[in-house]
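Novice: The structure file target.cif (mmCIF, C-alpha atoms) is provided below.
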```cif
data_input
loop_
_atom_site.label_atom_id
_atom_site.label_comp_id
_atom_site.auth_asym_id
_atom_site.auth_seq_id
_atom_site.Cartn_x
_atom_site.Cartn_y
_atom_site.Cartn_z
CA ILE A 1 109.79 102.01 91.17
CA ALA A 2 107.05 102.20 93.80
CA ARG A 3 104.30 104.74 94.16
CA THR A 4 101.87 105.14 97.05
CA LEU A 5 98.22 106.05 96.59
CA GLY A 6 96.00 106.76 99.59
CA GLY A 7 96.49 107.00 103.33
CA SER A 8 94.19 106.14 106.21
CA SER A 9 91.23 108.51 106.01
CA SER A 10 88.57 109.82 103.62
CA GLY A 11 89.37 112.33 100.90
CA PRO A 12 90.42 112.47 97.24
CA SER A 13 94.00 111.43 98.09
CA THR A 14 93.41 108.97 100.94
CA THR A 15 91.94 105.52 101.50
CA SER A 16 91.00 103.31 104.44
CA ASN A 17 91.70 99.61 103.94
CA PRO A 18 91.84 99.43 100.13
CA VAL A 19 91.24 95.74 99.42
CA GLY A 20 90.37 95.26 95.76
CA LEU A 21 91.97 96.63 92.58
CA ASP A 22 91.43 96.41 88.86
CA TYR A 23 92.81 98.29 85.86
CA ASP A 24 91.16 99.58 82.71
CA ALA A 25 94.02 99.50 80.21
CA ALA A 26 92.17 101.20 77.36
CA ASN A 27 91.26 104.26 79.45
CA GLN A 28 94.20 104.04 81.86
CA ARG A 29 92.03 103.97 84.99
CA LEU A 30 92.75 102.24 88.28
CA PHE A 31 89.71 101.17 90.31
CA VAL A 32 90.15 100.79 94.08
CA ALA A 33 87.63 99.31 96.53
CA ASP A 34 88.08 101.66 99.52
CA GLN A 35 86.43 99.37 102.03
CA TYR A 36 86.12 101.33 105.27
CA ASN A 37 85.12 104.49 103.38
CA ASN A 38 82.27 102.66 101.63
CA ARG A 39 83.32 103.72 98.16
CA VAL A 40 85.22 102.91 94.99
CA LEU A 41 87.86 105.38 93.86
CA VAL A 42 88.86 105.86 90.23
CA PHE A 43 92.37 107.11 89.49
CA SER A 44 93.59 108.26 86.08
CA VAL A 45 97.06 106.75 86.14
CA GLY A 46 98.35 107.17 82.61
CA ALA A 47 100.18 104.68 80.44
CA SER A 48 103.22 104.16 82.69
CA ILE A 49 104.12 104.20 86.38
CA SER A 50 106.09 107.41 85.82
CA SER A 51 102.79 109.26 85.48
CA ILE A 52 101.73 108.18 88.99
CA THR A 53 102.73 110.45 91.84
CA ASP A 54 102.77 109.71 95.57
CA GLY A 55 99.47 110.73 97.14
CA MET A 56 97.81 111.61 93.84
CA ALA A 57 94.10 112.37 94.02
CA ALA A 58 91.37 110.17 92.62
CA GLY A 59 89.43 111.60 89.71
CA LEU A 60 86.00 110.37 90.74
CA VAL A 61 84.14 108.24 93.26
CA LEU A 62 81.33 105.67 93.29
CA GLY A 63 79.27 104.99 96.41
CA GLN A 64 79.49 108.62 97.61
CA SER A 65 78.26 111.87 96.12
CA ASP A 66 81.73 113.42 96.32
CA LEU A 67 85.31 112.55 97.21
CA SER A 68 85.01 113.55 100.87
CA GLY A 69 82.08 111.27 101.78
CA LYS A 70 82.35 107.93 103.56
CA THR A 71 78.83 107.11 104.80
CA ASN A 72 77.56 103.60 104.16
CA GLY A 73 74.49 103.38 101.97
CA SER A 74 72.29 101.18 99.85
CA GLY A 75 70.01 101.85 96.90
CA ALA A 76 71.37 102.37 93.41
CA ALA A 77 74.11 104.82 94.41
CA GLY A 78 75.25 103.52 97.83
CA LEU A 79 77.89 101.04 98.96
CA PHE A 80 78.50 99.32 102.29
CA TYR A 81 81.94 97.77 102.85
CA PRO A 82 82.97 97.00 99.25
CA THR A 83 85.52 94.19 99.05
CA ASP A 84 86.48 93.91 95.37
CA VAL A 85 86.08 95.33 91.89
CA ALA A 86 86.22 93.78 88.41
CA TRP A 87 86.37 95.77 85.18
CA ASP A 88 84.79 94.37 82.01
CA PRO A 89 86.29 96.14 78.97
CA THR A 90 84.08 94.22 76.53
CA HIS A 91 80.81 95.63 77.85
CA GLY A 92 82.10 98.75 79.61
CA ARG A 93 81.02 97.64 83.09
CA LEU A 94 82.49 97.84 86.57
CA TYR A 95 81.36 95.10 88.98
CA VAL A 96 81.60 95.95 92.69
CA SER A 97 81.33 93.44 95.54
CA ASP A 98 79.03 95.33 97.92
CA TYR A 99 79.65 92.97 100.82
CA LEU A 100 77.48 94.17 103.70
CA ASN A 101 74.60 94.90 101.33
CA SER A 102 74.86 91.24 100.18
CA ARG A 103 74.94 92.12 96.51
CA VAL A 104 77.12 92.87 93.51
CA VAL A 105 76.35 96.18 91.84
CA VAL A 106 77.20 96.93 88.23
CA PHE A 107 78.13 100.40 86.97
CA THR A 108 78.26 101.21 83.26
CA ASP A 109 80.44 103.70 81.43
CA PRO A 110 80.64 106.67 81.36
CA LEU A 111 81.30 106.89 85.10
CA SER A 112 80.74 110.02 87.20
CA ASN A 113 80.75 111.01 90.87
CA GLY A 114 77.99 109.24 92.78
CA LYS A 115 76.61 107.58 89.66
CA ALA A 116 73.80 105.09 90.22
CA ALA A 117 74.44 101.46 89.37
CA SER A 118 72.67 100.02 86.36
CA PHE A 119 72.28 96.40 87.48
CA VAL A 120 72.41 94.30 90.63
CA ILE A 121 73.19 90.66 91.45
CA GLY A 122 71.78 89.27 94.70
CA ARG A 123 68.71 91.50 94.72
CA SER A 124 65.62 91.67 92.54
CA ASP A 125 66.25 95.38 91.94
CA LEU A 126 68.50 98.22 93.09
CA THR A 127 66.13 99.57 95.75
CA THR A 128 65.06 96.35 97.51
CA ALA A 129 66.80 95.87 100.87
CA VAL A 130 65.85 92.21 101.30
CA GLY A 131 67.84 89.45 99.61
CA ILE A 132 66.32 86.98 97.19
CA ALA A 133 65.12 83.79 98.90
CA SER A 134 67.09 81.50 96.61
CA PHE A 135 70.60 80.12 97.09
CA ALA A 136 71.23 80.42 93.38
CA ARG A 137 70.18 84.08 93.22
CA SER A 138 71.51 85.36 96.56
CA VAL A 139 75.13 86.38 97.17
CA GLU A 140 77.49 87.00 100.09
CA PRO A 141 80.16 88.48 97.85
CA LYS A 142 83.81 88.66 98.79
CA ARG A 143 85.99 88.43 95.68
CA LEU A 144 85.18 88.77 91.97
CA ALA A 145 86.62 87.57 88.68
CA LEU A 146 85.44 87.87 85.08
CA SER A 147 86.01 85.48 82.22
CA PRO A 148 88.23 87.05 79.52
CA ASP A 149 85.24 87.63 77.21
CA GLY A 150 83.13 89.22 79.95
CA GLU A 151 80.41 86.61 79.62
CA TYR A 152 80.76 85.07 83.10
CA LEU A 153 81.21 86.63 86.54
CA PHE A 154 82.63 84.47 89.35
CA VAL A 155 81.78 85.48 92.93
CA SER A 156 83.47 83.92 95.96
CA GLU A 157 81.45 83.34 99.12
CA THR A 158 82.35 81.69 102.43
CA ASN A 159 82.06 78.11 101.20
CA ARG A 160 81.70 78.27 97.45
CA ILE A 161 82.19 80.16 94.24
CA LYS A 162 79.19 81.11 92.12
CA ARG A 163 79.22 81.63 88.37
CA PHE A 164 76.75 84.06 86.81
CA LEU A 165 76.07 84.46 83.10
CA VAL A 166 76.24 88.22 82.61
CA GLY A 167 77.43 89.11 79.10
CA ARG A 168 75.28 91.20 76.80
CA ASN A 169 71.95 90.13 78.30
CA LEU A 170 72.59 91.04 81.95
CA ALA A 171 69.46 91.76 84.00
CA ASN A 172 68.76 92.30 87.71
CA GLY A 173 68.78 89.27 90.01
CA PRO A 174 70.23 86.55 87.76
CA ALA A 175 70.61 82.99 89.03
CA ALA A 176 74.02 81.35 89.25
CA ASP A 177 74.37 78.50 86.79
CA LEU A 178 77.37 76.79 88.43
CA CYS A 179 78.79 76.65 91.97
CA PRO A 180 82.31 75.20 92.15
CA GLY A 181 83.07 74.12 95.71
CA GLN A 182 79.65 72.58 96.28
CA LYS A 183 78.65 68.96 95.79
CA ASN A 184 77.98 68.30 92.09
CA ASN A 185 78.60 72.04 91.52
CA SER A 186 75.03 72.63 92.68
CA CYS A 187 73.89 76.16 93.51
CA GLU A 188 71.05 75.00 95.75
CA GLY A 189 72.01 74.37 99.37
CA TYR A 190 74.95 75.18 101.59
CA ALA A 191 77.40 72.57 102.82
CA VAL A 192 80.99 72.10 103.90
CA GLY A 193 82.68 68.75 103.53
CA SER A 194 85.18 66.71 101.55
CA THR A 195 83.57 67.68 98.25
CA THR A 196 83.17 71.36 99.07
CA THR A 197 85.35 74.41 99.33
CA SER A 198 85.81 75.91 102.81
CA GLU A 199 86.62 79.54 103.59
CA ILE A 200 87.45 81.45 100.40
CA ALA A 201 89.16 84.70 101.28
CA GLY A 202 91.78 85.19 98.55
CA LYS A 203 91.64 86.80 95.15
CA LEU A 204 90.02 84.98 92.24
CA ASN A 205 92.22 85.04 89.14
CA MET A 206 91.21 84.25 85.55
CA ASP A 207 93.73 83.54 82.81
CA GLN A 208 93.22 84.29 79.11
CA GLU A 209 92.07 80.71 78.47
CA GLY A 210 89.32 80.97 81.09
CA GLY A 211 91.07 78.97 83.81
CA MET A 212 90.52 80.10 87.40
CA ALA A 213 92.79 80.04 90.46
CA VAL A 214 92.07 81.03 94.07
CA ASP A 215 94.92 82.65 95.99
#
```
Go ahead and render the structure in this file as structure tokens.
Specialist:
Amino acid sequence: IARTLGGSSSGPSTTSNPVGLDYDAANQRLFVADQYNNRVLVFSVGASISSITDGMAAGLVLGQSDLSGKTNGSGAAGLFYPTDVAWDPTHGRLYVSDYLNSRVVVFTDPLSNGKAASFVIGRSDLTTAVGIASFARSVEPKRLALSPDGEYLFVSETNRIKRFLVGRNLANGPAADLCPGQKNNSCEGYAVGSTTTSEIAGKLNMDQEGGMAVD
């Protein structure tokens, strides 16, 4: 059985280039990164596919004040070209890859229309427009993945993957502690070569044992 959500514009029942998905099983919510509309949509989809209807409306939106908006923004409540989402059921957090703002923003439950993010990765705070002058603390986020326990967030960039310790002690502007795809897994510097990972465009996937694969 197939169901279609979204279309090609902005509104509660439409999307424009939806590129990242994640599912909150406990609360039966589907999160969709609606890239060209600069927002994340949240659908209440029920326990089975039979509860999903073609063209059903989203229940709420992040990145816009309401379900009709599509303006790019920054600050604590704005998004600019989001490329992925990752739901952490352990800590009740939604991570959003806010690509053209060069940051990952973190929303905490309960969610509501236009809610401000609580934390940011890649910036010193949620209002600063300038990135952190540190390879380990800056991000050019494309895809996201969380470890099964919610302690680590993996962020793919053009030539590497960065691992951030998030867990219960998350704060603004953390430094990556590991960078697979770089020489010696170092997070300082930027290189492409035989010991590095080149363009990373696919989805990051974590299994229940903490293993990671790149599609």
Novice: Evaluate the PyMOL selection byres ((chain A and resi 47) around 12) and record the selected residues as a ChimeraX atom specification, following the chain and residue labels used in the document.
Specialist: /A:23-30,44-46,48-52
Novice: Contacts of A:Phe107 at 7 Å or less, counting only C-alpha atoms, minus same-chain residues fewer than 2 places along, as a list of chain:residue names?
Specialist: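 Everything that qualifies: A:Arg93, A:Leu94, A:Tyr95, A:Val105, A:Asp109, A:Ala117, A:Ser118.
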Novice: For atom CA of A:Arg137 and atom CA of A:Val155, determine how far apart the two atoms are, in Å to one decimal place.
Specialist: 11.7 Å
Novice: Spell out the residues picked by the PyMOL selection byres ((chain A and resi 18) around 10) here, as a list in words.
Specialist: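 Taken on the displayed file, the PyMOL selection byres ((chain A and resi 18) around 10) yields the residues Leu5, Gly6, Gly7, Ser8, Thr14, Thr15, Ser16, Asn17, Val19, Gly20, Leu21, Val32, Ala33, Asp34, Gln35, Tyr36, Asn37, Arg39, Val40, Leu41, Pro82, Thr83 and Asp84 of chain A.
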Novice: Counting all atoms listed in the file, figure out which residue out of A:Gly114, A:Gly122, A:Val42, A:Pro89 gets nearest to A:Ser134.
Specialist: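 Using all atoms listed in the file, the shortest distance to A:Ser134 belongs to A:Gly122.
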Novice: Return stretch 29-40 of chain A, completed with all heavy atoms, as a tab-separated table (two decimals), keeping the file's coordinate frame.
Specialist:
```tsv
chain	number	residue	atom	x	y	z
A	29	ARG	N	92.67	103.68	83.71
A	29	ARG	CA	92.03	103.97	84.99
A	29	ARG	C	92.28	102.84	85.97
A	29	ARG	O	92.20	101.67	85.62
A	29	ARG	CB	90.51	104.14	84.82
A	29	ARG	CG	90.10	105.29	83.93
A	29	ARG	CD	88.59	105.39	83.81
A	29	ARG	NE	88.01	104.25	83.13
A	29	ARG	CZ	86.71	104.14	82.80
A	29	ARG	NH1	85.87	105.12	83.12
A	29	ARG	NH2	86.27	103.07	82.18
A	30	LEU	N	92.59	103.21	87.21
A	30	LEU	CA	92.75	102.24	88.28
A	30	LEU	C	91.55	102.35	89.21
A	30	LEU	O	91.24	103.44	89.72
A	30	LEU	CB	94.03	102.51	89.07
A	30	LEU	CG	94.31	101.59	90.26
A	30	LEU	CD1	94.60	100.17	89.78
A	30	LEU	CD2	95.46	102.13	91.11
A	31	PHE	N	90.86	101.23	89.42
A	31	PHE	CA	89.71	101.17	90.31
A	31	PHE	C	90.14	100.58	91.66
A	31	PHE	O	90.79	99.54	91.69
A	31	PHE	CB	88.59	100.31	89.72
A	31	PHE	CG	88.15	100.75	88.35
A	31	PHE	CD1	88.54	100.06	87.22
A	31	PHE	CD2	87.33	101.86	88.19
A	31	PHE	CE1	88.14	100.46	85.95
A	31	PHE	CE2	86.91	102.27	86.93
A	31	PHE	CZ	87.32	101.57	85.80
A	32	VAL	N	89.75	101.22	92.75
A	32	VAL	CA	90.15	100.79	94.08
A	32	VAL	C	88.92	100.67	94.97
A	32	VAL	O	88.18	101.66	95.15
A	32	VAL	CB	91.14	101.78	94.72
A	32	VAL	CG1	91.55	101.30	96.12
A	32	VAL	CG2	92.37	101.96	93.84
A	33	ALA	N	88.70	99.48	95.54
A	33	ALA	CA	87.63	99.31	96.53
A	33	ALA	C	88.15	99.83	97.87
A	33	ALA	O	88.98	99.20	98.51
A	33	ALA	CB	87.23	97.84	96.63
A	34	ASP	N	87.66	100.98	98.28
A	34	ASP	CA	88.08	101.66	99.52
A	34	ASP	C	87.11	101.24	100.61
A	34	ASP	O	86.15	101.93	100.93
A	34	ASP	CB	88.06	103.17	99.27
A	34	ASP	CG	88.64	103.97	100.42
A	34	ASP	OD1	89.25	103.37	101.32
A	34	ASP	OD2	88.47	105.20	100.41
A	35	GLN	N	87.41	100.10	101.23
A	35	GLN	CA	86.43	99.37	102.03
A	35	GLN	C	85.81	100.16	103.17
A	35	GLN	O	84.60	100.31	103.28
A	35	GLN	CB	87.09	98.10	102.57
A	35	GLN	CG	86.13	97.13	103.24
A	35	GLN	CD	86.83	95.85	103.65
A	35	GLN	OE1	87.87	95.87	104.29
A	35	GLN	NE2	86.26	94.73	103.27
A	36	TYR	N	86.65	100.68	104.07
A	36	TYR	CA	86.12	101.33	105.27
A	36	TYR	C	85.46	102.68	104.96
A	36	TYR	O	84.71	103.21	105.78
A	36	TYR	CB	87.21	101.53	106.31
A	36	TYR	CG	87.76	100.24	106.89
A	36	TYR	CD1	88.96	100.24	107.61
A	36	TYR	CD2	87.11	99.02	106.72
A	36	TYR	CE1	89.48	99.07	108.15
A	36	TYR	CE2	87.62	97.85	107.25
A	36	TYR	CZ	88.80	97.88	107.96
A	36	TYR	OH	89.32	96.71	108.49
A	37	ASN	N	85.76	103.24	103.79
A	37	ASN	CA	85.12	104.49	103.38
A	37	ASN	C	83.89	104.26	102.51
A	37	ASN	O	83.31	105.23	101.99
A	37	ASN	CB	86.12	105.38	102.65
A	37	ASN	CG	87.12	106.03	103.59
A	37	ASN	OD1	86.79	106.36	104.72
A	37	ASN	ND2	88.35	106.21	103.12
A	38	ASN	N	83.51	103.00	102.34
A	38	ASN	CA	82.27	102.66	101.63
A	38	ASN	C	82.19	103.28	100.24
A	38	ASN	O	81.19	103.90	99.86
A	38	ASN	CB	81.05	103.10	102.46
A	38	ASN	CG	81.02	102.47	103.84
A	38	ASN	OD1	80.94	101.26	103.98
A	38	ASN	ND2	81.11	103.30	104.87
A	39	ARG	N	83.28	103.09	99.48
A	39	ARG	CA	83.32	103.72	98.16
A	39	ARG	C	84.32	103.01	97.26
A	39	ARG	O	85.13	102.19	97.70
A	39	ARG	CB	83.73	105.19	98.30
A	39	ARG	CG	85.13	105.40	98.86
A	39	ARG	CD	85.44	106.87	99.10
A	39	ARG	NE	86.84	107.06	99.50
A	39	ARG	CZ	87.42	108.24	99.65
A	39	ARG	NH1	86.73	109.35	99.44
A	39	ARG	NH2	88.70	108.32	100.01
A	40	VAL	N	84.23	103.33	95.98
A	40	VAL	CA	85.22	102.91	94.99
A	40	VAL	C	85.83	104.17	94.40
A	40	VAL	O	85.11	105.08	93.95
A	40	VAL	CB	84.59	102.06	93.87
A	40	VAL	CG1	85.58	101.83	92.74
A	40	VAL	CG2	84.12	100.72	94.43
```
